[in-house]
>>> print(open('target-v4.cif').read())   # mmCIF, C-alpha atoms, pLDDT in the B column; chains and numbers go by the auth columns
data_model
loop_
_atom_site.group_PDB
_atom_site.id
_atom_site.type_symbol
_atom_site.label_atom_id
_atom_site.label_comp_id
_atom_site.label_asym_id
_atom_site.label_seq_id
_atom_site.Cartn_x
_atom_site.Cartn_y
_atom_site.Cartn_z
_atom_site.B_iso_or_equiv
_atom_site.auth_seq_id
_atom_site.auth_asym_id
ATOM 1 C CA MET A 1 16.303 59.387 -8.940 70.00 761 A
ATOM 2 C CA VAL A 2 12.782 58.099 -8.483 69.00 762 A
ATOM 3 C CA ALA A 3 11.386 61.621 -8.744 66.00 763 A
ATOM 4 C CA LYS A 4 13.368 62.213 -11.949 66.00 764 A
ATOM 5 C CA ALA A 5 12.097 58.967 -13.447 70.00 765 A
ATOM 6 C CA ILE A 6 8.498 59.835 -12.615 70.00 766 A
ATOM 7 C CA ARG A 7 8.904 63.408 -13.852 66.00 767 A
ATOM 8 C CA SER A 8 10.257 62.102 -17.171 68.00 768 A
ATOM 9 C CA LEU A 9 7.052 60.053 -17.641 69.00 769 A
ATOM 10 C CA ILE A 10 4.688 62.956 -16.992 67.00 770 A
ATOM 11 C CA PRO A 11 4.453 65.387 -19.883 59.00 771 A
ATOM 12 C CA GLU A 12 4.785 69.013 -18.885 58.00 772 A
ATOM 13 C CA GLY A 13 2.406 71.757 -20.013 52.00 773 A
ATOM 14 C CA GLY A 14 3.907 72.446 -23.438 45.00 774 A
ATOM 15 C CA ALA A 15 5.867 69.193 -23.813 48.00 775 A
ATOM 16 C CA LYS A 16 5.045 66.893 -26.703 56.00 776 A
ATOM 17 C CA ILE A 17 4.022 63.327 -26.001 60.00 777 A
ATOM 18 C CA ASP A 18 6.452 60.743 -27.331 75.00 778 A
ATOM 19 C CA GLU A 19 5.398 60.054 -30.926 78.00 779 A
ATOM 20 C CA SER A 20 5.826 56.269 -30.557 80.00 780 A
ATOM 21 C CA LEU A 21 3.452 56.301 -27.566 81.00 781 A
ATOM 22 C CA ARG A 22 0.948 58.391 -29.509 82.00 782 A
ATOM 23 C CA LYS A 23 1.078 55.980 -32.478 84.00 783 A
ATOM 24 C CA GLU A 24 0.745 52.957 -30.196 84.00 784 A
ATOM 25 C CA PHE A 25 -2.228 54.568 -28.472 84.00 785 A
ATOM 26 C CA GLU A 26 -3.887 55.438 -31.785 85.00 786 A
ATOM 27 C CA GLU A 27 -3.466 51.837 -32.952 87.00 787 A
ATOM 28 C CA MET A 28 -4.945 50.552 -29.689 86.00 788 A
ATOM 29 C CA GLU A 29 -7.760 53.090 -30.035 87.00 789 A
ATOM 30 C CA ARG A 30 -8.579 51.747 -33.509 90.00 790 A
ATOM 31 C CA THR A 31 -8.507 48.170 -32.223 90.00 791 A
ATOM 32 C CA LYS A 32 -10.746 49.018 -29.263 89.00 792 A
ATOM 33 C CA SER A 33 -13.141 50.883 -31.520 91.00 793 A
ATOM 34 C CA ALA A 34 -13.383 47.828 -33.797 92.00 794 A
ATOM 35 C CA ILE A 35 -13.954 45.584 -30.757 91.00 795 A
ATOM 36 C CA ASP A 36 -16.661 47.916 -29.436 92.00 796 A
ATOM 37 C CA THR A 37 -18.369 48.030 -32.820 93.00 797 A
ATOM 38 C CA ARG A 38 -18.328 44.232 -33.100 95.00 798 A
ATOM 39 C CA ALA A 39 -19.613 43.808 -29.521 94.00 799 A
ATOM 40 C CA ASN A 40 -22.420 46.269 -30.234 95.00 800 A
ATOM 41 C CA THR A 41 -23.363 44.368 -33.397 95.00 801 A
ATOM 42 C CA LEU A 42 -23.450 41.033 -31.551 95.00 802 A
ATOM 43 C CA VAL A 43 -25.575 42.409 -28.725 95.00 803 A
ATOM 44 C CA ARG A 44 -27.981 44.085 -31.159 96.00 804 A
ATOM 45 C CA ARG A 45 -28.419 40.729 -32.925 96.00 805 A
ATOM 46 C CA GLU A 46 -29.214 39.098 -29.579 94.00 806 A
ATOM 47 C CA LEU A 47 -31.780 41.792 -28.818 94.00 807 A
ATOM 48 C CA TRP A 48 -33.441 41.427 -32.232 96.00 808 A
ATOM 49 C CA GLY A 49 -33.471 37.642 -31.726 96.00 809 A
ATOM 50 C CA GLY A 50 -35.154 38.153 -28.361 93.00 810 A
ATOM 51 C CA LEU A 51 -37.784 40.358 -29.956 95.00 811 A
ATOM 52 C CA GLY A 52 -38.389 37.701 -32.619 97.00 812 A
ATOM 53 C CA PHE A 53 -38.796 35.058 -29.930 96.00 813 A
ATOM 54 C CA LEU A 54 -41.335 37.187 -28.054 94.00 814 A
ATOM 55 C CA VAL A 55 -43.324 37.854 -31.245 97.00 815 A
ATOM 56 C CA VAL A 56 -43.437 34.141 -32.109 97.00 816 A
ATOM 57 C CA GLN A 57 -44.381 33.256 -28.522 95.00 817 A
ATOM 58 C CA THR A 58 -47.189 35.820 -28.478 94.00 818 A
ATOM 59 C CA MET A 59 -48.529 34.591 -31.803 96.00 819 A
ATOM 60 C CA ALA A 60 -48.427 30.976 -30.567 95.00 820 A
ATOM 61 C CA PHE A 61 -50.289 31.926 -27.382 94.00 821 A
ATOM 62 C CA MET A 62 -52.897 33.795 -29.414 94.00 822 A
ATOM 63 C CA ARG A 63 -53.371 30.729 -31.594 94.00 823 A
ATOM 64 C CA LEU A 64 -53.663 28.447 -28.557 93.00 824 A
ATOM 65 C CA THR A 65 -56.010 30.826 -26.752 92.00 825 A
ATOM 66 C CA PHE A 66 -58.475 31.547 -29.536 92.00 826 A
ATOM 67 C CA TRP A 67 -58.353 28.454 -31.784 93.00 827 A
ATOM 68 C CA GLU A 68 -56.879 25.401 -30.072 92.00 828 A
ATOM 69 C CA LEU A 69 -57.653 25.817 -26.362 90.00 829 A
ATOM 70 C CA THR A 70 -59.547 28.347 -24.261 90.00 830 A
ATOM 71 C CA TRP A 71 -58.615 31.205 -21.988 91.00 831 A
ATOM 72 C CA ASP A 72 -59.389 28.998 -18.966 92.00 832 A
ATOM 73 C CA VAL A 73 -56.556 26.691 -20.013 92.00 833 A
ATOM 74 C CA MET A 74 -54.158 29.399 -21.183 93.00 834 A
ATOM 75 C CA GLU A 75 -54.555 31.763 -18.221 93.00 835 A
ATOM 76 C CA PRO A 76 -52.527 29.644 -15.754 94.00 836 A
ATOM 77 C CA ILE A 77 -49.923 28.946 -18.436 94.00 837 A
ATOM 78 C CA CYS A 78 -49.508 32.680 -19.085 93.00 838 A
ATOM 79 C CA PHE A 79 -49.378 33.374 -15.339 95.00 839 A
ATOM 80 C CA TYR A 80 -46.588 30.872 -14.736 96.00 840 A
ATOM 81 C CA LEU A 81 -44.660 32.010 -17.779 95.00 841 A
ATOM 82 C CA THR A 82 -44.890 35.626 -16.604 94.00 842 A
ATOM 83 C CA SER A 83 -43.718 34.531 -13.152 97.00 843 A
ATOM 84 C CA MET A 84 -40.722 32.785 -14.717 96.00 844 A
ATOM 85 C CA TYR A 85 -39.846 35.966 -16.645 94.00 845 A
ATOM 86 C CA PHE A 86 -40.009 37.918 -13.384 95.00 846 A
ATOM 87 C CA MET A 87 -37.722 35.383 -11.696 96.00 847 A
ATOM 88 C CA ALA A 88 -35.302 35.603 -14.627 94.00 848 A
ATOM 89 C CA GLY A 89 -35.221 39.403 -14.267 92.00 849 A
ATOM 90 C CA TYR A 90 -34.635 39.128 -10.528 94.00 850 A
ATOM 91 C CA THR A 91 -31.851 36.593 -11.077 95.00 851 A
ATOM 92 C CA PHE A 92 -30.301 38.945 -13.642 92.00 852 A
ATOM 93 C CA PHE A 93 -30.294 41.711 -11.027 93.00 853 A
ATOM 94 C CA LEU A 94 -28.747 39.445 -8.382 95.00 854 A
ATOM 95 C CA ARG A 95 -25.962 38.321 -10.722 92.00 855 A
ATOM 96 C CA THR A 96 -25.121 41.665 -12.353 89.00 856 A
ATOM 97 C CA SER A 97 -26.322 44.319 -9.866 89.00 857 A
ATOM 98 C CA LYS A 98 -27.833 46.117 -12.838 88.00 858 A
ATOM 99 C CA GLU A 99 -31.409 47.174 -13.297 88.00 859 A
ATOM 100 C CA PRO A 100 -33.396 44.428 -15.062 89.00 860 A
ATOM 101 C CA SER A 101 -34.310 46.646 -17.987 89.00 861 A
ATOM 102 C CA PHE A 102 -33.478 46.547 -21.659 89.00 862 A
ATOM 103 C CA GLU A 103 -30.703 49.072 -21.073 91.00 863 A
ATOM 104 C CA GLY A 104 -29.309 47.057 -18.149 90.00 864 A
ATOM 105 C CA PHE A 105 -29.426 43.882 -20.206 91.00 865 A
ATOM 106 C CA TYR A 106 -27.716 45.624 -23.118 93.00 866 A
ATOM 107 C CA GLU A 107 -24.927 46.941 -20.870 92.00 867 A
ATOM 108 C CA ALA A 108 -24.357 43.552 -19.246 92.00 868 A
ATOM 109 C CA ARG A 109 -24.252 41.734 -22.583 93.00 869 A
ATOM 110 C CA PHE A 110 -22.019 44.444 -24.106 94.00 870 A
ATOM 111 C CA ASP A 111 -19.562 44.120 -21.205 92.00 871 A
ATOM 112 C CA THR A 112 -19.455 40.358 -21.653 92.00 872 A
ATOM 113 C CA LYS A 113 -19.012 40.497 -25.434 94.00 873 A
ATOM 114 C CA GLN A 114 -16.417 43.269 -25.174 92.00 874 A
ATOM 115 C CA LYS A 115 -14.318 41.348 -22.633 93.00 875 A
ATOM 116 C CA ARG A 116 -14.528 38.163 -24.711 94.00 876 A
ATOM 117 C CA LEU A 117 -13.444 40.014 -27.878 93.00 877 A
ATOM 118 C CA MET A 118 -10.623 41.770 -26.021 91.00 878 A
ATOM 119 C CA LYS A 119 -9.361 38.403 -24.826 92.00 879 A
ATOM 120 C CA LEU A 120 -9.695 36.970 -28.343 92.00 880 A
ATOM 121 C CA HIS A 121 -7.693 39.866 -29.843 89.00 881 A
ATOM 122 C CA ASN A 122 -5.153 39.922 -26.963 89.00 882 A
ATOM 123 C CA PHE A 123 -6.127 43.521 -26.211 86.00 883 A
ATOM 124 C CA ASP A 124 -4.414 44.805 -23.050 84.00 884 A
ATOM 125 C CA ILE A 125 -6.950 47.149 -21.439 84.00 885 A
ATOM 126 C CA LYS A 126 -4.555 48.147 -18.657 87.00 886 A
ATOM 127 C CA LYS A 127 -1.955 49.268 -21.162 86.00 887 A
ATOM 128 C CA TYR A 128 -4.639 51.068 -23.158 84.00 888 A
ATOM 129 C CA ASN A 129 -5.795 52.965 -20.066 85.00 889 A
ATOM 130 C CA GLU A 130 -2.190 53.828 -19.156 84.00 890 A
ATOM 131 C CA LEU A 131 -1.503 55.158 -22.656 82.00 891 A
ATOM 132 C CA ARG A 132 -4.720 57.141 -22.574 82.00 892 A
ATOM 133 C CA ALA A 133 -3.700 58.647 -19.247 82.00 893 A
ATOM 134 C CA VAL A 134 -0.350 59.690 -20.759 79.00 894 A
ATOM 135 C CA CYS A 135 -2.019 60.933 -23.926 76.00 895 A
ATOM 136 C CA SER A 136 -4.436 63.137 -22.030 67.00 896 A
ATOM 137 C CA PRO A 137 -4.327 63.049 -18.216 56.00 897 A
ATOM 138 C CA SER A 138 -7.763 64.670 -17.943 55.00 898 A
ATOM 139 C CA SER A 139 -9.297 61.726 -19.836 56.00 899 A
ATOM 140 C CA ALA A 140 -7.856 58.958 -17.667 52.00 900 A
ATOM 141 C CA PRO A 141 -10.554 56.480 -16.594 56.00 901 A
ATOM 142 C CA LYS A 142 -11.608 56.619 -12.970 52.00 902 A
ATOM 143 C CA SER A 143 -11.529 52.811 -12.770 51.00 903 A
ATOM 144 C CA ASP A 144 -10.245 49.848 -14.749 49.00 904 A
ATOM 145 C CA SER A 145 -13.541 49.706 -16.607 50.00 905 A
ATOM 146 C CA PRO A 146 -12.965 48.624 -20.214 51.00 906 A
ATOM 147 C CA ILE A 147 -15.966 50.696 -21.239 48.00 907 A
ATOM 148 C CA ALA A 148 -14.384 54.046 -20.437 44.00 908 A
ATOM 149 C CA PRO A 149 -15.404 56.484 -23.186 42.00 909 A
ATOM 150 C CA HIS A 150 -13.083 57.547 -25.991 40.00 910 A
ATOM 151 C CA VAL A 151 -12.012 61.036 -25.023 37.00 911 A
ATOM 152 C CA CYS A 152 -8.342 61.265 -25.938 43.00 912 A
ATOM 153 C CA ASN A 153 -6.938 63.275 -28.804 42.00 913 A
ATOM 154 C CA ALA A 154 -6.882 60.217 -31.066 40.00 914 A
ATOM 155 C CA PRO A 155 -9.219 60.056 -34.069 42.00 915 A
ATOM 156 C CA GLN A 156 -12.655 58.579 -33.401 42.00 916 A
ATOM 157 C CA HIS A 157 -13.821 55.513 -35.344 43.00 917 A
ATOM 158 C CA ASN A 158 -17.420 54.817 -34.378 41.00 918 A
#
>>> encode(input="target-v4.cif", output="structure tokens")
Amino acid sequence: MVAKAIRSLIPEGGAKIDESLRKEFEEMERTKSAIDTRANTLVRRELWGGLGFLVVQTMAFMRLTFWELTWDVMEPICFYLTSMYFMAGYTFFLRTSKEPSFEGFYEARFDTKQKRLMKLHNFDIKKYNELRAVCSPSSAPKSDSPIAPHVCNAPQHN
């Protein structure tokens, strides 16, 4: 009986996938796509804000170096600030096990935003991955990663 139950869940070569499962998966795919788009937008805003901060900081240091103070005063300040940025990058690596690069930072922030939005929208990633495995077994994620790419037969909404 167990074998029959399992066999009934696995679509055979030419068998059609249950239409209600396909519709549910497509709806979840649309929701996940919207969540991913929103997470990407939020992270991009953070990155642009970081760039703005660095531009303002550089301009302020230029002003202090050439008009208000001298390089003899600003050199140690710049050294310690650079050391703090290095320590922040090292701490980032220790906490996330990702390379402290812009790409690593983007991925870490995207993961965080995506998980927060999934929780906010009550998105069940385990169910999504199960439906995707049923929809197309070759596209099943290799882990429970919520960032598994969209590769099922559902329409893409990027």
>>> atom_distance(input="target-v4.cif", atom1="atom CA of Phe839 of chain A", atom2="atom CA of Phe826 of chain A")
17.0 Å
>>> atom_distance(input="target-v4.cif", atom1="atom CA of Met822 of chain A", atom2="atom CA of Leu807 of chain A")
22.6 Å
>>> atom_distance(input="target-v4.cif", atom1="atom CA of Thr791 of chain A", atom2="atom CA of Ala868 of chain A")
21.0 Å
>>> resolve_selection(input="target-v4.cif", expression="the PyMOL selection byres ((chain A and resi 838) around 12)", output="list in words")
Gln817, Thr818, Ala820, Phe821, Met822, Leu824, Thr825, Trp831, Asp832, Val833, Met834, Glu835, Pro836, Ile837, Phe839, Tyr840, Leu841, Thr842, Ser843, Met844 and Tyr845 of chain A
>>> write_last_selection(input="target-v4.cif", atoms="C-alpha atoms", output="CSV table (one decimal), in the frame of the given file")
chain,number,residue,atom,x,y,z
A,817,GLN,CA,-44.4,33.3,-28.5
A,818,THR,CA,-47.2,35.8,-28.5
A,820,ALA,CA,-48.4,31.0,-30.6
A,821,PHE,CA,-50.3,31.9,-27.4
A,822,MET,CA,-52.9,33.8,-29.4
A,824,LEU,CA,-53.7,28.4,-28.6
A,825,THR,CA,-56.0,30.8,-26.8
A,831,TRP,CA,-58.6,31.2,-22.0
A,832,ASP,CA,-59.4,29.0,-19.0
A,833,VAL,CA,-56.6,26.7,-20.0
A,834,MET,CA,-54.2,29.4,-21.2
A,835,GLU,CA,-54.6,31.8,-18.2
A,836,PRO,CA,-52.5,29.6,-15.8
A,837,ILE,CA,-49.9,28.9,-18.4
A,839,PHE,CA,-49.4,33.4,-15.3
A,840,TYR,CA,-46.6,30.9,-14.7
A,841,LEU,CA,-44.7,32.0,-17.8
A,842,THR,CA,-44.9,35.6,-16.6
A,843,SER,CA,-43.7,34.5,-13.2
A,844,MET,CA,-40.7,32.8,-14.7
A,845,TYR,CA,-39.8,36.0,-16.6
>>> resolve_selection(input="target-v4.cif", expression="the PyMOL selection byres ((chain A and resi 856) around 12)", output="list in words")
Gly849, Tyr850, Thr851, Phe852, Phe853, Leu854, Arg855, Ser857, Lys858, Glu859, Pro860, Ser861, Gly864, Phe865, Tyr866, Glu867, Ala868, Arg869, Asp871 and Thr872 of chain A
>>> resolve_selection(input="target-v4.cif", expression="the PyMOL selection byres ((chain A and resi 796) around 9)", output="ChimeraX atom specification")
/A:791-795,797-801,870,873-874,877,907,918
